[in-house]
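**Student:** Structure in C-alpha coordinates, see below.
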Amino acid sequence: YKVDEAFTGTVKVRVTDVAGHVTVKSMKIYIDKTAPLVVISKSNEEDYSTENVNVFVTVTENAEYSDVVSVTYTVNGGAAKDLALTGGTISITEEGTSVIKVVAKTKAGVEAPATTTVLIDKTAPTFDLDVVDSVGSVKDRSTNEDVTIKALNVADAVSGVAKVEYAVIPEGSSEENYAEMTKGTDEYTADYKVDEAFTGTVKVRVTDVAGIET
(Lines give C-alpha, C1' and ligand atoms only; values in the text may rest on other atoms or scores of the structure.)
Protein backbone atom coordinates (compact mmCIF):
# COMPACT_ATOMS: atom_id res chain seq x y z
CA TYR A 1 0.00 0.00 0.00
CA LYS A 2 1.57 3.26 -1.12
CA VAL A 3 0.58 6.85 -0.45
CA ASP A 4 2.07 10.06 -1.74
CA GLU A 5 1.12 12.21 1.21
CA ALA A 6 0.02 12.08 4.83
CA PHE A 7 -2.64 9.44 5.46
CA THR A 8 -4.79 8.42 8.38
CA GLY A 9 -6.98 5.34 8.20
CA THR A 10 -7.76 1.82 9.33
CA VAL A 11 -6.39 -1.43 7.98
CA LYS A 12 -8.63 -4.48 8.34
CA VAL A 13 -7.72 -8.08 7.66
CA ARG A 14 -10.40 -10.72 7.36
CA VAL A 15 -9.64 -14.45 7.51
CA THR A 16 -12.32 -16.95 6.47
CA ASP A 17 -11.95 -20.67 6.98
CA VAL A 18 -13.43 -23.39 4.81
CA ALA A 19 -16.45 -23.68 7.11
CA GLY A 20 -17.20 -20.02 6.54
CA HIS A 21 -16.08 -18.69 9.95
CA VAL A 22 -14.73 -15.18 9.74
CA THR A 23 -12.20 -13.42 11.96
CA VAL A 24 -11.56 -9.72 11.46
CA LYS A 25 -8.82 -7.68 13.03
CA SER A 26 -8.09 -3.99 12.49
CA MET A 27 -5.37 -1.49 13.13
CA LYS A 28 -5.39 2.25 12.81
CA ILE A 29 -2.39 3.59 10.86
CA TYR A 30 -0.84 6.98 10.38
CA ILE A 31 1.43 7.49 7.38
CA ASP A 32 3.31 10.77 7.28
CA LYS A 33 5.40 11.73 4.27
CA THR A 34 5.01 15.47 4.74
CA ALA A 35 8.03 17.41 6.00
CA PRO A 36 7.55 20.20 8.51
CA LEU A 37 8.04 23.78 7.34
CA VAL A 38 11.31 25.40 8.42
CA VAL A 39 11.65 29.17 7.91
CA ILE A 40 14.93 31.00 8.56
CA SER A 41 15.46 34.75 8.80
CA LYS A 42 18.33 36.91 10.05
CA SER A 43 18.66 40.12 12.05
CA ASN A 44 20.90 41.44 9.27
CA GLU A 45 20.15 40.34 5.72
CA GLU A 46 23.08 42.26 4.19
CA ASP A 47 25.93 40.37 2.52
CA TYR A 48 28.24 41.31 5.39
CA SER A 49 27.35 42.41 8.90
CA THR A 50 29.70 44.41 11.09
CA GLU A 51 28.13 43.10 14.28
CA ASN A 52 26.75 39.87 15.75
CA VAL A 53 23.86 38.30 13.82
CA ASN A 54 20.83 36.50 15.22
CA VAL A 55 19.37 33.69 13.10
CA PHE A 56 15.65 33.16 13.73
CA VAL A 57 14.22 29.69 13.10
CA THR A 58 10.50 28.93 12.95
CA VAL A 59 9.24 25.34 12.61
CA THR A 60 5.64 24.52 11.71
CA GLU A 61 4.06 21.05 11.49
CA ASN A 62 2.60 20.44 8.05
CA ALA A 63 0.21 17.55 8.67
CA GLU A 64 -2.16 16.34 11.38
CA TYR A 65 0.08 13.50 12.51
CA SER A 66 3.49 14.90 11.66
CA ASP A 67 4.48 15.79 15.22
CA VAL A 68 7.95 17.35 15.28
CA VAL A 69 10.14 15.42 17.71
CA SER A 70 13.48 17.20 17.25
CA VAL A 71 14.99 20.38 15.84
CA THR A 72 18.78 20.61 15.68
CA TYR A 73 21.31 22.92 14.10
CA THR A 74 25.00 22.92 13.24
CA VAL A 75 27.41 25.74 12.47
CA ASN A 76 30.06 24.99 9.85
CA GLY A 77 29.52 21.26 10.29
CA GLY A 78 30.23 21.28 14.02
CA ALA A 79 28.44 19.40 16.77
CA ALA A 80 24.64 19.41 16.51
CA LYS A 81 22.76 21.46 19.10
CA ASP A 82 19.08 21.35 20.03
CA LEU A 83 16.45 24.00 19.46
CA ALA A 84 12.89 24.07 20.76
CA LEU A 85 10.42 22.06 18.67
CA THR A 86 8.96 25.30 17.33
CA GLY A 87 12.36 26.81 16.56
CA GLY A 88 14.44 29.44 18.31
CA THR A 89 17.26 31.95 17.96
CA ILE A 90 20.86 31.15 17.06
CA SER A 91 23.42 33.86 17.87
CA ILE A 92 26.43 34.07 15.56
CA THR A 93 29.35 36.09 16.93
CA GLU A 94 32.38 34.76 15.05
CA GLU A 95 33.90 36.74 12.19
CA GLY A 96 34.03 35.19 8.76
CA THR A 97 31.62 32.79 7.08
CA SER A 98 29.22 30.71 9.17
CA VAL A 99 26.99 28.14 7.45
CA ILE A 100 24.02 27.24 9.65
CA LYS A 101 22.10 24.07 8.88
CA VAL A 102 18.80 23.38 10.65
CA VAL A 103 17.07 19.99 10.56
CA ALA A 104 13.54 19.42 11.85
CA LYS A 105 12.45 15.77 12.20
CA THR A 106 8.96 14.32 12.64
CA LYS A 107 7.81 11.30 14.62
CA ALA A 108 7.58 9.41 11.34
CA GLY A 109 11.22 10.17 10.56
CA VAL A 110 10.61 12.79 7.87
CA GLU A 111 13.38 15.40 7.90
CA ALA A 112 13.23 19.01 6.73
CA PRO A 113 16.67 20.62 6.28
CA ALA A 114 17.20 24.35 5.83
CA THR A 115 20.46 26.26 5.43
CA THR A 116 21.57 29.87 5.64
CA THR A 117 24.92 31.65 5.56
CA VAL A 118 26.04 34.47 7.84
CA LEU A 119 28.95 36.76 6.94
CA ILE A 120 30.45 38.88 9.71
CA ASP A 121 33.35 41.34 9.49
CA LYS A 122 34.19 43.47 12.53
CA THR A 123 37.79 44.29 11.60
CA ALA A 124 38.92 47.42 9.77
CA PRO A 125 41.33 47.16 6.83
CA THR A 126 44.99 48.04 7.32
CA PHE A 127 47.55 49.83 5.16
CA ASP A 128 50.62 52.09 5.21
CA LEU A 129 50.66 55.57 3.68
CA ASP A 130 53.53 57.31 1.96
CA VAL A 131 53.98 60.25 -0.42
CA VAL A 132 57.11 60.18 -2.59
CA ASP A 133 58.97 62.19 -5.18
CA SER A 134 61.90 61.05 -7.33
CA VAL A 135 64.16 60.96 -4.27
CA GLY A 136 61.89 59.13 -1.85
CA SER A 137 59.43 59.88 0.91
CA VAL A 138 58.55 63.54 1.44
CA LYS A 139 57.46 62.95 5.00
CA ASP A 140 58.89 65.70 7.19
CA ARG A 141 60.57 67.48 4.27
CA SER A 142 59.71 69.82 1.42
CA THR A 143 59.95 68.99 -2.26
CA ASN A 144 59.90 70.97 -5.51
CA GLU A 145 58.55 68.06 -7.55
CA ASP A 146 55.20 66.48 -8.30
CA VAL A 147 54.48 63.62 -5.94
CA THR A 148 52.92 60.16 -5.96
CA ILE A 149 50.59 59.12 -3.16
CA LYS A 150 50.98 55.49 -2.19
CA ALA A 151 48.85 53.10 -0.14
CA LEU A 152 51.10 50.17 0.76
CA ASN A 153 50.42 46.77 2.31
CA VAL A 154 46.67 47.21 1.86
CA ALA A 155 44.87 44.26 3.46
CA ASP A 156 41.59 43.15 4.92
CA ALA A 157 41.56 39.75 6.60
CA VAL A 158 37.84 39.02 6.45
CA SER A 159 35.63 40.54 3.74
CA GLY A 160 38.36 41.92 1.49
CA VAL A 161 39.22 45.37 0.17
CA ALA A 162 36.46 47.13 -1.77
CA LYS A 163 38.11 50.45 -2.69
CA VAL A 164 41.06 52.69 -1.94
CA GLU A 165 40.65 56.46 -2.26
CA TYR A 166 42.68 59.60 -1.62
CA ALA A 167 42.01 63.23 -0.94
CA VAL A 168 44.35 66.21 -0.92
CA ILE A 169 43.18 68.98 1.41
CA PRO A 170 44.83 72.41 1.07
CA GLU A 171 45.81 74.03 4.31
CA GLY A 172 42.88 75.99 5.73
CA SER A 173 40.27 74.01 3.77
CA SER A 174 37.75 71.57 5.29
CA GLU A 175 36.65 69.97 2.02
CA GLU A 176 37.63 66.32 1.47
CA ASN A 177 37.00 65.28 -2.11
CA TYR A 178 38.01 61.64 -2.47
CA ALA A 179 38.98 59.94 -5.73
CA GLU A 180 39.88 56.32 -6.35
CA MET A 181 43.52 55.28 -6.49
CA THR A 182 45.04 53.03 -9.15
CA LYS A 183 45.72 49.45 -8.11
CA GLY A 184 49.17 48.11 -8.88
CA THR A 185 50.86 44.79 -8.21
CA ASP A 186 51.45 45.42 -4.51
CA GLU A 187 50.29 48.99 -3.93
CA TYR A 188 47.71 51.63 -4.81
CA THR A 189 48.94 54.93 -6.27
CA ALA A 190 47.77 58.36 -7.33
CA ASP A 191 49.89 61.05 -8.97
CA TYR A 192 49.46 64.59 -7.69
CA LYS A 193 50.71 67.58 -9.61
CA VAL A 194 50.78 71.22 -8.58
CA ASP A 195 51.76 74.31 -10.55
CA GLU A 196 52.75 76.43 -7.57
CA ALA A 197 53.70 76.21 -3.93
CA PHE A 198 51.34 73.99 -1.97
CA THR A 199 50.88 73.06 1.67
CA GLY A 200 48.23 70.61 2.71
CA THR A 201 47.29 67.19 3.99
CA VAL A 202 47.01 63.92 2.11
CA LYS A 203 44.39 61.47 3.30
CA VAL A 204 43.89 57.89 2.13
CA ARG A 205 40.72 55.99 2.90
CA VAL A 206 40.44 52.20 2.55
CA THR A 207 36.97 50.63 2.65
CA ASP A 208 36.35 46.90 2.90
CA VAL A 209 33.43 44.91 1.49
CA ALA A 210 31.58 45.17 4.80
CA GLY A 211 31.76 48.97 4.62
CA ILE A 212 34.34 49.43 7.39
CA GLU A 213 36.72 52.31 6.72
CA THR A 214 40.27 53.07 7.79
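Every chain in the C-alpha coordinates takes a letter, A first, then B, and so on in the order presented; its residues are numbered from 1, and the ligands are numbered from 1 following the presented order.
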Counting only C-alpha atoms, what is within 10 Å of segment 145-149 of chain A, bar same-chain residues fewer than 6 positions away, as number ranges by chain?

**Tutor:** A: 129-138, 166-168, 181, 188-195, 202-204

**Student:** Using only C-alpha atoms, determine which residues lie at most 9 Å from Glu187 of chain A, disregarding the query and same-chain residues fewer than 3 positions distant; provide the list as a list in words.

**Tutor:**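 Returned residues: Lys150, Ala151, Leu152, Asn153, Val154, Thr182, Lys183 and Gly184 of chain A.
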
**Student:** Smallest atom-to-atom distance to Glu95 of chain A: which of A:Lys163, A:Lys12, A:Lys107, A:Lys122, using only C-alpha atoms?

**Tutor:**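 Closest residue, counting only C-alpha atoms: A:Lys122.
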
**Student:** If we count only C-alpha atoms, what is near segment 25-32 of chain A at a cut-off of 9 Å, once residues fewer than 2 positions away on the same chain are taken out, given as number ranges by chain?

**Tutor:** A: 3, 5-15, 23, 34-35, 63-66, 106-110

**Student:** With only C-alpha atoms as the counted atoms, please give the residues lying no more than 9 Å from Thr117 of chain A, apart from itself and same-chain residues fewer than 5 positions off, as an NGL selection string.

**Tutor:** :A and (97-101)

**Student:** Please compute the atom CA of Ala112 of chain A-atom CA of Tyr1 of chain A distance, one decimal, in Å.

**Tutor:**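 Going from atom CA of Ala112 of chain A over to atom CA of Tyr1 of chain A, I get 24.1 Å.
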
**Student:** In Å to one decimal, how far is atom CA of Thr199 of chain A from atom CA of Ala124 of chain A?

**Tutor:**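 Taking atom CA of Ala124 of chain A and atom CA of Thr199 of chain A, their separation equals 29.4 Å.
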
**Student:** Fewer than 6 positions away in the same chain doesn't count, so skip those; otherwise give me all residues within 10 Å of Ile212 of chain A, counting only C-alpha atoms, as a PyMOL selection string.

**Tutor:** chain A and resi 50+121-125+156+159+161-162+206

**Student:** Name all residues at most 9 Å from Leu83 of chain A (count only C-alpha atoms; drop same-chain ones fewer than 3 positions away) and give them as a VMD selection string.

**Tutor:** chain A and resid 57 70 to 73 86 to 90

**Student:** Can you list every residue in segment 32-199 of chain A that DSSP puts in strand (DSSP E), as a ChimeraX atom specification?

**Tutor:** /A:37-42,53-60,68-75,81-83,87-92,96-106,111-120,126-132,147-155,161-170,179-180,182-183,187-192

**Student:** Just the number, please: distance in Å from atom CA of Val55 of chain A to atom CA of Thr93 of chain A, one decimal.

**Tutor:**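 Pair atom CA of Val55 of chain A / atom CA of Thr93 of chain A returns 11.0 Å.
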
**Student:** For Thr60 of chain A, which residue among A:Lys33, A:Arg141, A:Lys42, A:Lys105 is the nearest when counting only C-alpha atoms?

**Tutor:** A:Lys105
